[in-house]
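Following: one structure in structure tokens, then a few remarks.
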Amino acid sequence: MSRIKACFDAIKAEGRGALIPYLEAFDPDRDTSQKLLNAMPKAGADIIEVGVPFSDPSADGPTIQLAAQRGLKAGATLTGVLEMVAEFRRTNDHTPIVLMGYFNPIDHYGVERFCQEAARSGVDGLIVVDLPPEEAGIIRPHIKANALDLITLAAPTTPDERLKAILAEASGFVYYVSITGITGTNTATEDQLTQAMTRLRRATDIPVVAGFGIRTPEQARTASRITDGAVVASAIIKAMAATFDDGKATEASVPTALEKILSLSQATKNR
Amino acid sequence: MTTPHQKPNSLRAGPDLSGHFGPFGGRFVAETLMPLMLELDEAYKKAKADPAFHEERAYYLRDYVGRPSPLWHAKRLSNALGGAQIYLKREELNHTGSHKLNNVMGQILLARRMGKKRIVAETGAGQHGVATATVCALFGLECVIYMGAKDVERQKPNVFRMHLLGAKVTPVTTGAGTLKDAMNEAMRDWVANVDSTYFLVGTVAGPHPYPAMVRDFQSVIGDEARVQIQEQTGRLPDGIIAAIGGGSNAMGIFHPFLDDVDVPLYGVEAGGLGLDSGETAASIARGSPGVLHGNRTYLLQDTHGQITEAHSISAGLDYPGIGPEHSWLNDIGRVNYVSATDHEALQAFQELTRLEGIIPALESAHAVAYARTLAPTMGTDKNLVVNLSGRGDKDVPTVAAHLGVQL
């Protein structure tokens, strides 16, 4: 059984939703982000989303844009990100890791070689923001051959008929982009999320998680109660970035990010 | 918009239904935008099939844009070069001073049909921004223009023009603060305002159907030129030259000639300080295929697939990509992609101004620069058509600075 499936089965048995925190690889440097990654499960991360820095993150808000710039400046590459995951796997074999990024670096690396090496490094799934199902044929065979999950994105703008069509191919979980907008900006209301879940549930049985605009423990609790999990990204990065001194990590950086994750995790557990 | 000179197995038939030109093009956008792209595709197909749309567009092109634009036999420049006769397609005489309005007029009529009330656009040199702000003023629509902070600084007159036209100009400080960053920011605005907003793309790039749609709207350039050169010389030309940033003026003049396989086509990329200087905007000469801004095409990128910054003296060519149809035309060998440096463009800018009394945009000066290289290698009985895509008033401060003149 895949790590992702095992994780959702276990969480469902506990009667709660997943907390899925995000970190931008190499932000602000390799060591700091590795430390944070390694410590995330203990702080309550059920699944971890690792952002792969890209020069032109056109679906991201200012917080993740800046994190990506810091990551690139610190030397982030796809190879470097896979090495981080491999190092994480030396001490953790159960927490699923999903890479989130844009298609060009993967395309440039070679989709087949990338999928092989991602699987070998211990990656469980990929979210490729600018690779809609219509264009995903180029990577799908390699995803399957390497037992990875290509996470399907759904949005408020996705019509019901299209939901059915694109979710027929979904595996792992569905990432519901809960607002029309970029990361770290607006937040969906409880009603909006509930209505969206009704639509999504008609189209698929696999777990659905909500992301974009979830910041506070309260919002994470609501989202993880209505859906099967909540992704929190910008809020964690923002908290950590506030501890940086001239763009460099300080002693407070990792503990601050972990504290934020802990408070989110406690909220998702007390529902 | 099939014209009578289209042939079976035409090179003009692309893209396919999903927006691909061979391996290039496509729709690489976030799911939030995907349904909009499909909706836009449908809306454009409907408009294309509706004679009323074409009539409306023809009316505005004639009485507002000022078409057709003349084809000018530049005799003094031809004599000075001592080779092929140069014919200038005078797109700089369009309202707002460039070819940009051809596309903008088509898209704004489509946006109105779709019931959109708010327009966002990206701009580099400001020509597309000014054109967009112009039609928004004409039709009373809200207009937001994203422009790199560096470009805002080097194109101040155009920024003020957009303000006068009632547009909101938002400087973009992320990245290097140029056209690619403005494109990212316009996409972010669009995704956050999908219901009300129409994204008016300025070039033959972006997700399908933009490359095909912008090309169709710009093809009026080549359709006219094809008739005009035959009226003036009795035959098709011996070459067509156009400058390329994203590539809309080039695609517009090339497309009606694609099936005239004996007519060589030359796309002139901005060489910047030189192709091997590391400071260039020549995506085909120094780039490789990749995915950015919704399409697969040639891009300037590093060995890790991160997009690198382009450089050109011309803000309108300062883009690390190129329209996907150009990438395809390069790979099948139908168009020759060449380049001209900043220095060569500056020389051409001055020579055309002195000999013909026409101040070209720095973008268009790249096409003139290549004509200066090519014409002397051809006989005086040969004819070259050069697309003079824009006027150079906006560039006078930049040129003065490069010539060491303080205004």
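Each chain of the structure tokens is named A, B, ... in the order shown, its residues numbered from 1; ligands are numbered from 1 in display order.
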
Give me the residues within 12 Å of Glu14 in chain A as a count of residues only, counting only C-alpha atoms and dropping any in the same chain fewer than 4 places off.
10

Would you give me, as a VMD selection string, the residues of chain B that come within 9 Å of chain A, using only C-alpha atoms?
chain B and resid 18 26 to 36 174 to 175 180 to 181 183 to 194 289 to 294 303 to 308

Which residues come within 8 Å of range 335-351 of chain B, counting only C-alpha atoms, excluding same-chain residues fewer than 4 positions away, as an MDAnalysis selection string?
chainID B and resid 77 264:274 282 284:285 312:314 326 329:330 355 359:362 365:370 372 399

When you count only C-alpha atoms, which of these residues is closest to Leu150 in chain A: A:Ile138, A:Ala223, A:Leu163, A:Ala170?
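That would be A:Ala170, the residue with the smallest distance to Leu150 in chain A.
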
Can you list, as an MDAnalysis selection string, every protein, DNA or RNA residue that comes within 12 Å of His163 in chain B when you count only C-alpha atoms, leaving out same-chain residues fewer than 6 positions away?
chainID B and resid 126 129:130 132:134 136:137 143:145 156:157 169:170

Pick from B:Ala310, B:Val204, B:Leu101, B:Val159, whichever lies nearest to Leu179 in chain B using only C-alpha atoms:
B:Ala310

So which residues of range 14-129 of chain A fall under alpha helix (DSSP H) by DSSP, listed as a ChimeraX atom specification?
/A:30-39,62-73,78-89,103-109,111-121
